[in-house]
Protein chains: 2
Amino acid sequence: MNAADLGLPVAVPSTALFTDQYELTMLQAALRGGTADRRSVFEVFTRRLPEGRRYGVVAGTGRVLDAVENFRFDEPQLAFLRERGIVDEATLAWLAEYRFRGDVWGYPEGEVYFPGSPILRVEGSFAECVLLETVILSILNHDSAIAAAASRMSAAAGGRGLIEMGARRTHELAAVAAARAAYVGGFDSTSDLAAGFRYGIPTVGTSAHAFILLHDTERDAFRVQVDALGRGTTLLVDTYDVTEAVRTAVEVAGPELGAVRIDSGDLLLVAHRVRQQLDELGARDTRIVVTSDLDEYAIASLAAAPVDAYGVGTQLVTGSGHPTASMVYKLVARADSADPAAPLRPVAKRSLGGKASVGGRKWAARRLDAHGVAEAEVVGTGEVPAELAGRQLLTRLVEAGKVVAREPLEAARERHIAARAGLPLSAVQLSRGEAVLPTEYVTP
Amino acid sequence: MNAADLGLPVAVPSTALFTDQYELTMLQAALRGGTADRRSVFEVFTRRLPEGRRYGVVAGTGRVLDAVENFRFDEPQLAFLRERGIVDEATLAWLAEYRFRGDVWGYPEGEVYFPGSPILRVEGSFAECVLLETVILSILNHDSAIAAAASRMSAAAGGRGLIEMGARRTHELAAVAAARAAYVGGFDSTSDLAAGFRYGIPTVGTSAHAFILLHDTERDAFRVQVDALGRGTTLLVDTYDVTEAVRTAVEVAGPELGAVRIDSGDLLLVAHRVRQQLDELGARDTRIVVTSDLDEYAIASLAAAPVDAYGVGTQLVTGSGHPTASMVYKLVARADSADPAAPLRPVAKRSLGGKASVGGRKWAARRLDAHGVAEAEVVGTGEVPAELAGRQLLTRLVEAGKVVAREPLEAARERHIAARAGLPLSAVQLSRGEAVLPTEYVTP
């Protein structure tokens with residue numbers, strides 16, 4: 001399947017204009033000033049987690065790799081920049097030849113992160129690295145926000161099925177990335193066909209209230225649906241009267257009915273009643289799916305209810321109150337020239353209004369306690385202490401411009417489950433609290 | 001310029017998979033059951049505005065028209081559906097021929113809306129209309145949420161410049177749509193080059209802290225930037241010490257310096273100091289741009305500060321606390337057959353858990369008081385009262401499958417300014433309150 005058929009920025013001519021104009025004007029100035037080729041290190045990190053959250057989830061790394069690979073200025077992009085007078089001819093000529101040829105290291109996708117974690121490190125000339133700021137941040141900020149919400153919901157669901165159903169609540173292409181991020185964060189399936197097409201995520205879905213209303217009676221609608229989709233289908237039972245609908249559903253489909261869906265009302269109460277009714281009707285294996293403005297708290301509150309799967313929309317794709325991560329992309333070190341032997345000097349904006357950052361090219365490792373549970377996120381410059389060498393978090397993603405770390409989405413999903421399981425138990429408490437690991441800085 | 005170069009869902013093979021699976025399974029069932037061609041009317045509306053908001057802003061209509069036009073199932077989409085076994089061969093054959101041939105009416109883009117406003121009305125066979133649910137809602141829910149935040153910010157800015165700078169805080173393609181919606185809502189420009197490329201929105205941007213840090217001194221950085229971009233450029237003055245930076249900036253660029261940008265600290269205080277310093281240095285025409293976690297409240301709080309333009313990022317592209325509108329797409333009326341003469345009967349889900357809706361094909365009009373100020377959103381079925389006939393809000397967008405209402409983005413932007421100006425003055429209060437117009441229902 002060709003991703004370009006979806007208009008996704010994969011195998012499309014270019015991702016180069018997902019860029020803030022200042023990256024190109026800085027490039028022009030640096031080219032003119034003779035500083036564009038200074039060897040530079042940029043890092044992506046966040047100064048804080050969203051209020052009350054215990055951990056973050058890295059998501060979007062695979063999409064970043066696609067974006068970097070497709071970041072090039074072809075004739076349409078160059079013509080636009082020329083026509084608008086955004087940069088001069090010398091810069092346009094440089095852009096026409098642009099391919100990222102540097103290195104990228106990063107936390108692998110699905111890994112957890114904390115304030116100060118160097119989630120991604122981009123190394124190369126100032127010119128080649130500065131251009132990637134916006135597209136990298138767009139992807140990581142969006143996808144990580146969704147994955148973090150998904151992870152909390154999946155912890156709350158305690159192994160019950162989780163269906164991503166939020167496409168209609170977010171931009172149509174953000175929805176595809178959201179379904180992907182939700183899968184990384186622990187969801188099982190999505191209603192979004194484009195996400196199935198592009199990323200191979202399992203897709204699900206049966207019918208809506210409109211389908212019931214199209215027919216003269218609920219019974220007619222159920223019969224038509226069961227005839228077409230089989231007894232294993234999910235019937236929507238809350239268009240009129242739930243008790244009546246459940247009775248009709250089992251009459252039409254028999255006790256082999258796959259599932260019923262409840263999309264409104266007091267879900268806790270209704271789920272109990274429906275379960276009892278299904279059992280009395282002999283439909284003991286018929287599952288109950290609930291979908292109605294769920295978030296991690298609503299999911300947790302249904303833990304004691306006889307619910308088999310949750311469909312989550314709005315709150316998932318909007319990050320459950322935190323629709324973006326606050327990651328930034330900062331120059332942390334640079335040399336005085338392009339010479340690989342020239343020393344890198346740490347740089348950082350001076351503190352003012354809480355926007356200080358730590359200079360220097362960083363490593364990161366997660367220190368474990370005697371029981372093998374994570375106890376600190378250790379971030380440092382210089383040599384990695386021997387006892388942490390085996391616990392390093394940054395892996396090589398791009399080497400001299402070549403992507404070296406592609407992996408199936410399943411790998412990121414499994415990594416997330418393992419990473420979350422390695423945190424202190426309080427990580428999965430839904431209540432507000434501090435980051436579950438402290439970040440410790442080690443400088444030489 | 002070819003929009004496909006951006007991977008945007010315009011002039012791409014298809015938008016057909018931006019669809020929840022249940023739309024296709026409902027289609028299959030309805031085809032099998034002989035009900036697929038029943039003449040149907042679907043409407044988009046919201047049951048409520050986000051808490052505290054006074055009005056909503058319709059945005060994305062132009063993008064909906066693109067999406068409907070490109071909604072078709074080509075070989076890659078059909079192969080995917082077949083391979084996954086999502087629908088049967090009869091349904092695939094129907095989809096292969098699919099083009100929307102119905103009618104769409106809607107509030108024109110930039111118009112304001114209220115709870116119950118029939119923002120979009122889609123008419124045709126059940127089959128052809130039901131498929132469009134997700135892509136229409138994705139676009140309208142996202143774009144309208146951003147435009148509503150933009151409108152509040154533009155009211156708060158009181159004519160000062162507004163720059164959209166949020167690309168890095170949202171999905172890379174959502175960012176392009178967000179810049180477009182922000183422009184509709186009253187913003188003047190964007191930092192996002194893709195939005196300039198695709199929609200012709202003015203783009204701006206000069207430099208970041210990384211550019212200062214790349215150079216050995218702030219003075220070096222300013223000199224390089226002014227040499228490359230001219231004295232009219234905007235210099236970023238908060239990397240180290242603002243007072244020092246402003247002095248250096250004027251020394252390097254002279255009093256013709258275009259602008260300085262402040263991106264951190266107490267903006268009210270710093271802006272006053274910088275203005276005084278610039279004036280003392282003779283740089284009376286040098287503008288002050290502020291950018292640092294602004295929202296409509298922060299913008300309003302700077303009303304008395306000597307600020308010339310605001311750059312807004314996170315809070316704009318996340319809808320300032322409300323990243324999605326809560327629009328739904330509901331079957332409101334249907335006939336018993338495809339016959340254009342068959343009567344349409346109103347349909348609606350029965351009230352349960354607050355999800356009731358009003359059945360019937362609706363018109364809408366805005367009633368004015370004696371002074372020409374809007375006083376009610378009137379929504380009805382049946383005949384339009386004579387006194388409201390000239391105040392109707394729905395316009396024809398698609399006629400028998402053909403888009404008939406394309407317009408330049410500028411038209412939507414101007415329409416929004418006029419629509420907002422027609423509301424009671426309390427509409428632009430930032431404080432929380434009820435919808436500024438009541439919605440009145442008129443039924444025959």
# chains A, B, ... in the order shown; residues from 1 in each chain; ligands from 1
>>> interface_residues(of="chain A", to="chain B", cutoff="6 Å", atoms="only C-alpha atoms", output="short mmCIF file (atom, residue, chain, number, x, y, z; two decimals) with N, CA, C and O atoms, in the first residue's frame")
data_model
loop_
_atom_site.label_atom_id
_atom_site.label_comp_id
_atom_site.auth_asym_id
_atom_site.auth_seq_id
_atom_site.Cartn_x
_atom_site.Cartn_y
_atom_site.Cartn_z
N ASP A 5 -1.06 7.59 -1.18
CA ASP A 5 -2.49 7.57 -1.51
C ASP A 5 -3.33 8.23 -0.43
O ASP A 5 -4.48 8.56 -0.63
N GLY A 7 -2.17 10.91 1.22
CA GLY A 7 -1.72 12.27 1.43
C GLY A 7 -0.91 12.40 2.71
O GLY A 7 -0.77 13.48 3.26
N LEU A 8 -0.37 11.29 3.20
CA LEU A 8 0.47 11.39 4.38
C LEU A 8 1.88 11.78 3.97
O LEU A 8 2.32 11.44 2.88
N PRO A 9 2.58 12.47 4.84
CA PRO A 9 3.92 12.93 4.48
C PRO A 9 4.95 11.80 4.53
O PRO A 9 5.92 11.87 5.23
N PRO A 13 6.45 14.09 -2.13
CA PRO A 13 7.60 14.83 -2.58
C PRO A 13 8.42 15.45 -1.46
O PRO A 13 9.63 15.42 -1.49
N LEU A 17 8.36 21.97 3.90
CA LEU A 17 7.68 23.21 4.26
C LEU A 17 6.92 23.12 5.57
O LEU A 17 6.31 24.10 6.00
N PHE A 18 7.01 21.98 6.25
CA PHE A 18 6.45 21.91 7.62
C PHE A 18 7.46 22.56 8.55
O PHE A 18 7.99 21.96 9.49
N THR A 19 7.72 23.81 8.27
CA THR A 19 8.86 24.53 8.80
C THR A 19 8.46 25.96 9.08
O THR A 19 7.70 26.55 8.30
N ASP A 20 8.94 26.49 10.20
CA ASP A 20 8.69 27.90 10.47
C ASP A 20 9.68 28.75 9.67
O ASP A 20 10.85 28.41 9.54
N GLN A 21 9.17 29.84 9.18
CA GLN A 21 9.98 30.67 8.28
C GLN A 21 11.34 31.04 8.88
O GLN A 21 12.33 31.14 8.17
N TYR A 22 11.39 31.25 10.20
CA TYR A 22 12.66 31.72 10.77
C TYR A 22 13.79 30.73 10.59
O TYR A 22 14.96 31.12 10.62
N THR A 25 15.29 31.88 7.33
CA THR A 25 15.97 33.18 7.40
C THR A 25 17.24 33.07 8.26
O THR A 25 18.26 33.69 7.94
N MET A 26 17.20 32.27 9.32
CA MET A 26 18.43 32.03 10.08
C MET A 26 19.48 31.36 9.20
O MET A 26 20.66 31.68 9.27
N ALA A 29 21.05 33.92 6.93
CA ALA A 29 21.98 34.79 7.66
C ALA A 29 23.26 34.04 8.00
O ALA A 29 24.37 34.57 7.85
N GLY A 33 26.92 34.87 6.88
CA GLY A 33 27.88 35.21 7.92
C GLY A 33 29.01 34.20 8.08
O GLY A 33 29.90 34.40 8.92
N THR A 134 10.95 22.46 13.38
CA THR A 134 9.49 22.47 13.46
C THR A 134 8.88 21.10 13.19
O THR A 134 8.01 20.64 13.92
N LEU A 137 9.44 18.75 16.13
CA LEU A 137 8.62 19.08 17.30
C LEU A 137 7.14 18.83 17.05
O LEU A 137 6.42 18.35 17.93
N SER A 138 6.66 19.14 15.85
CA SER A 138 5.25 18.89 15.55
C SER A 138 4.91 17.43 15.81
O SER A 138 3.93 17.10 16.48
N ILE A 139 5.74 16.57 15.27
CA ILE A 139 5.46 15.13 15.37
C ILE A 139 5.57 14.67 16.81
O ILE A 139 4.67 14.01 17.35
N ASN A 141 5.63 16.37 19.69
CA ASN A 141 4.70 17.01 20.63
C ASN A 141 3.29 16.45 20.49
O ASN A 141 2.59 16.23 21.48
N HIS A 142 2.86 16.26 19.27
CA HIS A 142 1.52 15.72 19.07
C HIS A 142 1.43 14.26 19.49
O HIS A 142 0.62 13.87 20.32
N ARG A 168 -13.11 11.73 14.43
CA ARG A 168 -14.00 12.85 14.14
C ARG A 168 -13.75 14.06 15.02
O ARG A 168 -14.37 15.10 14.82
N ARG A 169 -12.92 13.91 16.04
CA ARG A 169 -12.69 15.00 16.98
C ARG A 169 -11.38 15.71 16.78
O ARG A 169 -11.00 16.59 17.56
N THR A 170 -10.64 15.32 15.75
CA THR A 170 -9.36 15.98 15.50
C THR A 170 -9.14 16.04 14.00
O THR A 170 -9.85 15.40 13.23
N HIS A 171 -8.19 16.84 13.58
CA HIS A 171 -7.82 16.96 12.17
C HIS A 171 -7.69 15.58 11.52
O HIS A 171 -7.15 14.66 12.13
N GLU A 172 -8.13 15.44 10.30
CA GLU A 172 -8.22 14.13 9.67
C GLU A 172 -6.88 13.41 9.55
O GLU A 172 -6.83 12.17 9.57
N ALA A 174 -4.15 14.29 11.64
CA ALA A 174 -3.75 14.12 13.04
C ALA A 174 -4.41 12.87 13.59
O ALA A 174 -3.82 12.15 14.43
N SER A 191 -11.01 2.82 15.07
CA SER A 191 -12.10 2.87 14.09
C SER A 191 -11.65 3.52 12.79
O SER A 191 -12.39 3.49 11.81
N ASP A 192 -10.45 4.08 12.77
CA ASP A 192 -10.00 4.92 11.66
C ASP A 192 -9.38 4.05 10.55
O ASP A 192 -8.28 3.52 10.70
N LEU A 193 -10.08 3.97 9.43
CA LEU A 193 -9.58 3.11 8.35
C LEU A 193 -8.23 3.56 7.83
O LEU A 193 -7.38 2.74 7.47
N ALA A 194 -8.00 4.87 7.79
CA ALA A 194 -6.72 5.36 7.29
C ALA A 194 -5.57 4.87 8.16
O ALA A 194 -4.46 4.61 7.67
N GLY A 205 -15.54 -1.62 14.00
CA GLY A 205 -16.68 -0.72 13.85
C GLY A 205 -17.87 -1.46 13.28
O GLY A 205 -17.68 -2.34 12.43
N THR A 206 -19.07 -1.10 13.71
CA THR A 206 -20.25 -1.80 13.18
C THR A 206 -21.36 -0.85 12.76
O THR A 206 -21.62 -0.70 11.57
N SER A 207 -21.98 -0.15 13.73
CA SER A 207 -23.06 0.75 13.29
C SER A 207 -23.34 1.87 14.28
O SER A 207 -22.88 1.83 15.42
N ALA A 210 -27.68 6.38 13.39
CA ALA A 210 -28.28 6.69 12.09
C ALA A 210 -28.81 5.43 11.42
O ALA A 210 -29.84 5.45 10.74
N VAL A 224 -31.43 -6.48 9.69
CA VAL A 224 -30.63 -6.14 8.50
C VAL A 224 -29.14 -6.23 8.84
O VAL A 224 -28.34 -6.79 8.08
N GLN A 225 -28.77 -5.71 10.00
CA GLN A 225 -27.34 -5.74 10.37
C GLN A 225 -26.83 -7.16 10.59
O GLN A 225 -25.75 -7.54 10.09
N ALA A 228 -26.40 -9.00 7.39
CA ALA A 228 -25.27 -8.57 6.57
C ALA A 228 -23.93 -8.86 7.24
O ALA A 228 -22.96 -9.20 6.57
N THR A 239 -30.65 3.47 21.27
CA THR A 239 -31.34 4.48 20.47
C THR A 239 -32.69 4.85 21.10
O THR A 239 -33.07 6.02 21.12
N TYR A 240 -33.40 3.83 21.57
CA TYR A 240 -34.70 4.09 22.20
C TYR A 240 -34.64 3.62 23.66
O TYR A 240 -34.10 4.32 24.50
N SER A 264 -24.59 5.95 25.80
CA SER A 264 -25.12 7.09 26.56
C SER A 264 -25.66 6.58 27.88
O SER A 264 -25.76 5.37 28.10
N GLY A 265 -25.99 7.52 28.77
CA GLY A 265 -26.58 7.14 30.05
C GLY A 265 -25.54 6.87 31.11
O GLY A 265 -24.34 7.10 30.91
N THR A 324 -0.91 18.75 23.81
CA THR A 324 0.45 18.83 23.25
C THR A 324 1.44 18.62 24.38
O THR A 324 1.16 18.96 25.53
N LEU A 331 19.58 24.37 20.66
CA LEU A 331 21.02 24.24 20.43
C LEU A 331 21.69 24.11 21.79
O LEU A 331 21.55 25.01 22.64
N LYS A 349 20.66 29.44 26.61
CA LYS A 349 20.04 30.73 26.89
C LYS A 349 20.18 30.99 28.39
O LYS A 349 20.04 30.08 29.20
N ARG A 350 20.47 32.23 28.75
CA ARG A 350 20.57 32.54 30.17
C ARG A 350 19.18 32.54 30.80
O ARG A 350 18.21 32.92 30.16
N LEU A 352 15.84 33.33 32.35
CA LEU A 352 14.99 34.52 32.40
C LEU A 352 13.58 34.01 32.18
O LEU A 352 13.32 33.33 31.20
N GLY A 353 12.73 34.26 33.11
CA GLY A 353 11.35 33.82 32.96
C GLY A 353 11.20 32.32 32.88
O GLY A 353 10.31 31.81 32.23
#
>>> residues_around(residues="B:Ala157", least_positions_apart="5", cutoff="9 Å", atoms="only C-alpha atoms", output="ChimeraX atom specification")
/B:152,162,296,299-300,302-303,309-310
>>> write_last_selection(atoms="N, CA and C atoms", output="PDB file, in the first residue's frame")
ATOM      1  N   ARG B 152     -11.297  35.060  19.587  1.00  0.00           N
ATOM      2  CA  ARG B 152     -11.193  35.692  20.909  1.00  0.00           C
ATOM      3  C   ARG B 152      -9.873  36.455  21.035  1.00  0.00           C
ATOM      4  N   LEU B 162      -1.279  40.003  14.786  1.00  0.00           N
ATOM      5  CA  LEU B 162      -1.325  38.671  15.386  1.00  0.00           C
ATOM      6  C   LEU B 162      -0.659  37.671  14.448  1.00  0.00           C
ATOM      7  N   GLU B 296      -5.587  34.502  24.956  1.00  0.00           N
ATOM      8  CA  GLU B 296      -6.394  35.716  24.841  1.00  0.00           C
ATOM      9  C   GLU B 296      -6.331  36.572  26.101  1.00  0.00           C
ATOM     10  N   ILE B 299      -2.968  38.369  26.138  1.00  0.00           N
ATOM     11  CA  ILE B 299      -3.026  39.438  25.134  1.00  0.00           C
ATOM     12  C   ILE B 299      -3.797  40.632  25.703  1.00  0.00           C
ATOM     13  N   ALA B 300      -4.945  40.345  26.306  1.00  0.00           N
ATOM     14  CA  ALA B 300      -5.758  41.434  26.877  1.00  0.00           C
ATOM     15  C   ALA B 300      -4.996  42.162  27.980  1.00  0.00           C
ATOM     16  N   LEU B 302      -2.017  42.793  28.129  1.00  0.00           N
ATOM     17  CA  LEU B 302      -0.962  43.632  27.558  1.00  0.00           C
ATOM     18  C   LEU B 302      -1.538  44.813  26.770  1.00  0.00           C
ATOM     19  N   ALA B 303      -2.843  45.029  26.908  1.00  0.00           N
ATOM     20  CA  ALA B 303      -3.484  46.087  26.117  1.00  0.00           C
ATOM     21  C   ALA B 303      -2.846  47.444  26.363  1.00  0.00           C
ATOM     22  N   ALA B 309       2.875  43.749  18.161  1.00  0.00           N
ATOM     23  CA  ALA B 309       2.353  42.499  17.600  1.00  0.00           C
ATOM     24  C   ALA B 309       2.573  41.361  18.589  1.00  0.00           C
ATOM     25  N   TYR B 310       1.676  40.396  18.498  1.00  0.00           N
ATOM     26  CA  TYR B 310       1.716  39.224  19.362  1.00  0.00           C
ATOM     27  C   TYR B 310       1.968  37.985  18.489  1.00  0.00           C
TER      28      TYR B 310
END
>>> residues_around(residues="stretch 117-121 of chain A", least_positions_apart="2", cutoff="7 Å", atoms="only C-alpha atoms", output="list in words")
Val41, Phe42, Glu43, Val44, Phe45, Val104, Trp105, Gly106, Tyr107, Tyr113, Phe114, Pro115, Glu123, Lys362, Ala364 and Val379 of chain A
>>> write_last_selection(atoms="C-alpha atoms", output="compact mmCIF listing (two decimals), in the first residue's frame")
# COMPACT_ATOMS: atom_id res chain seq x y z
CA VAL A 41 24.13 19.63 18.59
CA PHE A 42 20.41 20.22 19.07
CA GLU A 43 18.36 18.38 21.66
CA VAL A 44 14.65 17.81 22.16
CA PHE A 45 13.47 17.81 25.76
CA VAL A 104 20.18 11.49 15.15
CA TRP A 105 20.08 9.69 18.48
CA GLY A 106 16.99 9.32 20.56
CA TYR A 107 14.93 7.53 23.14
CA TYR A 113 10.52 10.17 29.67
CA PHE A 114 10.80 12.82 32.38
CA PRO A 115 11.61 16.53 32.61
CA GLU A 123 23.97 16.48 15.26
CA LYS A 362 23.93 14.79 26.81
CA ALA A 364 20.83 9.64 29.66
CA VAL A 379 21.19 12.96 32.50
>>> select_by_dssp(residues="stretch 278-388 of chain A", states="strand (DSSP E or B)", output="number ranges by chain")
A: 287-290, 309-312, 327-334, 345-346, 362-368, 374-381
>>> write_last_selection(atoms="N, CA and C atoms", output="mmCIF file, in the first residue's frame")
data_model
loop_
_atom_site.group_PDB
_atom_site.id
_atom_site.type_symbol
_atom_site.label_atom_id
_atom_site.label_comp_id
_atom_site.auth_asym_id
_atom_site.auth_seq_id
_atom_site.Cartn_x
_atom_site.Cartn_y
_atom_site.Cartn_z
ATOM 1 N N ARG A 287 -20.610 -9.747 24.537
ATOM 2 C CA ARG A 287 -19.778 -8.767 25.217
ATOM 3 C C ARG A 287 -20.485 -7.410 25.307
ATOM 4 N N ILE A 288 -20.014 -6.595 26.219
ATOM 5 C CA ILE A 288 -20.564 -5.244 26.375
ATOM 6 C C ILE A 288 -19.454 -4.227 26.080
ATOM 7 N N VAL A 289 -19.731 -3.384 25.108
ATOM 8 C CA VAL A 289 -18.797 -2.316 24.741
ATOM 9 C C VAL A 289 -19.421 -0.990 25.144
ATOM 10 N N VAL A 290 -18.688 -0.154 25.848
ATOM 11 C CA VAL A 290 -19.222 1.159 26.214
ATOM 12 C C VAL A 290 -18.411 2.267 25.543
ATOM 13 N N ALA A 309 -15.101 -3.935 26.777
ATOM 14 C CA ALA A 309 -14.226 -3.069 25.999
ATOM 15 C C ALA A 309 -14.721 -1.628 26.065
ATOM 16 N N TYR A 310 -13.783 -0.730 25.939
ATOM 17 C CA TYR A 310 -14.058 0.703 25.983
ATOM 18 C C TYR A 310 -13.715 1.324 24.616
ATOM 19 N N GLY A 311 -14.605 2.125 24.108
ATOM 20 C CA GLY A 311 -14.285 2.931 22.931
ATOM 21 C C GLY A 311 -14.058 4.364 23.383
ATOM 22 N N VAL A 312 -12.909 4.923 23.040
ATOM 23 C CA VAL A 312 -12.548 6.253 23.544
ATOM 24 C C VAL A 312 -12.285 7.186 22.372
ATOM 25 N N MET A 327 7.582 19.894 24.398
ATOM 26 C CA MET A 327 8.977 19.666 23.999
ATOM 27 C C MET A 327 9.525 20.853 23.211
ATOM 28 N N VAL A 328 10.789 21.121 23.423
ATOM 29 C CA VAL A 328 11.489 22.174 22.692
ATOM 30 C C VAL A 328 12.719 21.569 22.022
ATOM 31 N N TYR A 329 13.269 22.310 21.073
ATOM 32 C CA TYR A 329 14.409 21.844 20.265
ATOM 33 C C TYR A 329 15.466 22.919 20.419
ATOM 34 N N LYS A 330 16.515 22.623 21.163
ATOM 35 C CA LYS A 330 17.453 23.678 21.534
ATOM 36 C C LYS A 330 18.875 23.349 21.118
ATOM 37 N N LEU A 331 19.584 24.367 20.665
ATOM 38 C CA LEU A 331 21.020 24.235 20.431
ATOM 39 C C LEU A 331 21.686 24.114 21.794
ATOM 40 N N VAL A 332 22.386 22.996 22.037
ATOM 41 C CA VAL A 332 23.006 22.793 23.353
ATOM 42 C C VAL A 332 24.532 22.813 23.299
ATOM 43 N N ALA A 333 25.075 22.646 22.099
ATOM 44 C CA ALA A 333 26.537 22.691 21.968
ATOM 45 C C ALA A 333 26.880 22.987 20.522
ATOM 46 N N ARG A 334 28.044 23.615 20.331
ATOM 47 C CA ARG A 334 28.496 23.891 18.962
ATOM 48 C C ARG A 334 30.001 24.068 18.955
ATOM 49 N N ARG A 345 31.448 23.340 22.345
ATOM 50 C CA ARG A 345 31.251 24.067 23.604
ATOM 51 C C ARG A 345 29.761 24.107 23.944
ATOM 52 N N PRO A 346 29.460 23.865 25.220
ATOM 53 C CA PRO A 346 28.056 23.914 25.640
ATOM 54 C C PRO A 346 27.514 25.331 25.479
ATOM 55 N N LYS A 362 24.299 15.619 25.657
ATOM 56 C CA LYS A 362 23.932 14.788 26.813
ATOM 57 C C LYS A 362 23.763 13.304 26.516
ATOM 58 N N TRP A 363 24.012 12.531 27.531
ATOM 59 C CA TRP A 363 23.609 11.124 27.557
ATOM 60 C C TRP A 363 22.519 11.002 28.623
ATOM 61 N N ALA A 364 21.852 9.872 28.641
ATOM 62 C CA ALA A 364 20.829 9.638 29.664
ATOM 63 C C ALA A 364 20.794 8.164 29.984
ATOM 64 N N ALA A 365 20.517 7.872 31.243
ATOM 65 C CA ALA A 365 20.412 6.478 31.672
ATOM 66 C C ALA A 365 19.384 6.402 32.785
ATOM 67 N N ARG A 366 18.776 5.241 32.920
ATOM 68 C CA ARG A 366 17.780 5.080 33.994
ATOM 69 C C ARG A 366 18.393 4.177 35.064
ATOM 70 N N ARG A 367 18.549 4.745 36.245
ATOM 71 C CA ARG A 367 19.168 3.981 37.325
ATOM 72 C C ARG A 367 18.117 3.149 38.045
ATOM 73 N N LEU A 368 18.449 1.895 38.343
ATOM 74 C CA LEU A 368 17.517 0.996 39.021
ATOM 75 C C LEU A 368 17.897 0.859 40.484
ATOM 76 N N ALA A 374 13.060 1.214 38.478
ATOM 77 C CA ALA A 374 13.692 2.496 38.151
ATOM 78 C C ALA A 374 13.621 3.430 39.342
ATOM 79 N N GLU A 375 14.712 4.148 39.611
ATOM 80 C CA GLU A 375 14.673 5.107 40.729
ATOM 81 C C GLU A 375 15.114 6.505 40.323
ATOM 82 N N ALA A 376 15.779 6.660 39.193
ATOM 83 C CA ALA A 376 16.144 8.011 38.756
ATOM 84 C C ALA A 376 16.433 8.035 37.264
ATOM 85 N N GLU A 377 16.117 9.181 36.652
ATOM 86 C CA GLU A 377 16.509 9.460 35.279
ATOM 87 C C GLU A 377 17.801 10.264 35.400
ATOM 88 N N VAL A 378 18.905 9.717 34.963
ATOM 89 C CA VAL A 378 20.184 10.397 35.119
ATOM 90 C C VAL A 378 20.601 10.966 33.767
ATOM 91 N N VAL A 379 20.840 12.270 33.738
ATOM 92 C CA VAL A 379 21.186 12.963 32.501
ATOM 93 C C VAL A 379 22.536 13.626 32.717
ATOM 94 N N GLY A 380 23.462 13.431 31.799
ATOM 95 C CA GLY A 380 24.767 14.014 32.020
ATOM 96 C C GLY A 380 25.466 14.441 30.747
ATOM 97 N N THR A 381 26.535 15.190 30.937
ATOM 98 C CA THR A 381 27.446 15.510 29.830
ATOM 99 C C THR A 381 28.776 14.835 30.176
#
>>> residues_around(residues="A:Leu397", least_positions_apart="5", cutoff="9 Å", atoms="only C-alpha atoms", output="ChimeraX atom specification")
/A:61,65,103-106,108,402-406
>>> write_last_selection(atoms="N, CA and C atoms", output="CSV table (one decimal), in the first residue's frame")
chain,number,residue,atom,x,y,z
A,61,THR,N,8.5,8.8,16.9
A,61,THR,CA,9.9,8.6,16.5
A,61,THR,C,9.9,8.1,15.0
A,65,LEU,N,11.5,9.8,11.6
A,65,LEU,CA,12.4,9.3,10.6
A,65,LEU,C,11.9,9.4,9.2
A,103,ASP,N,23.7,13.0,12.2
A,103,ASP,CA,23.3,11.9,13.0
A,103,ASP,C,22.1,12.3,13.9
A,104,VAL,N,21.3,11.3,14.2
A,104,VAL,CA,20.2,11.5,15.1
A,104,VAL,C,20.2,10.3,16.1
A,105,TRP,N,20.2,10.7,17.4
A,105,TRP,CA,20.1,9.7,18.5
A,105,TRP,C,18.8,10.0,19.2
A,106,GLY,N,18.2,9.0,19.8
A,106,GLY,CA,17.0,9.3,20.6
A,106,GLY,C,16.5,8.2,21.5
A,108,PRO,N,14.2,5.4,22.2
A,108,PRO,CA,13.4,4.6,21.3
A,108,PRO,C,11.9,4.8,21.5
A,402,LYS,N,21.5,8.5,7.1
A,402,LYS,CA,20.8,7.2,6.7
A,402,LYS,C,20.0,6.7,7.9
A,403,VAL,N,18.7,6.4,7.7
A,403,VAL,CA,17.9,5.9,8.8
A,403,VAL,C,18.4,4.5,9.1
A,404,VAL,N,18.7,4.2,10.4
A,404,VAL,CA,19.2,2.9,10.8
A,404,VAL,C,18.4,2.2,11.8
A,405,ALA,N,17.2,2.8,12.1
A,405,ALA,CA,16.5,2.2,13.3
A,405,ALA,C,15.0,2.0,13.0
A,406,ARG,N,14.7,1.6,11.8
A,406,ARG,CA,13.2,1.3,11.5
A,406,ARG,C,12.8,0.1,12.3
>>> select_by_dssp(residues="stretch 103-237 of chain A", states="helix (DSSP H, G or I)", output="VMD selection string")
chain A and resid 126 to 130 133 to 157 167 to 169 172 to 184 193 to 199 209 to 214 218 to 229
>>> atom_distance(atom1="atom CA of B:Gln392", atom2="atom CA of B:Arg420")
16.3 Å
>>> residues_around(residues="A:Val112", least_positions_apart="5", cutoff="9 Å", atoms="only C-alpha atoms", output="list of chain:residue names")
A:Tyr55, A:Gly56, A:Val57, A:Val58, A:Tyr107, A:Ala148, A:His416, A:Ala419, A:Arg420
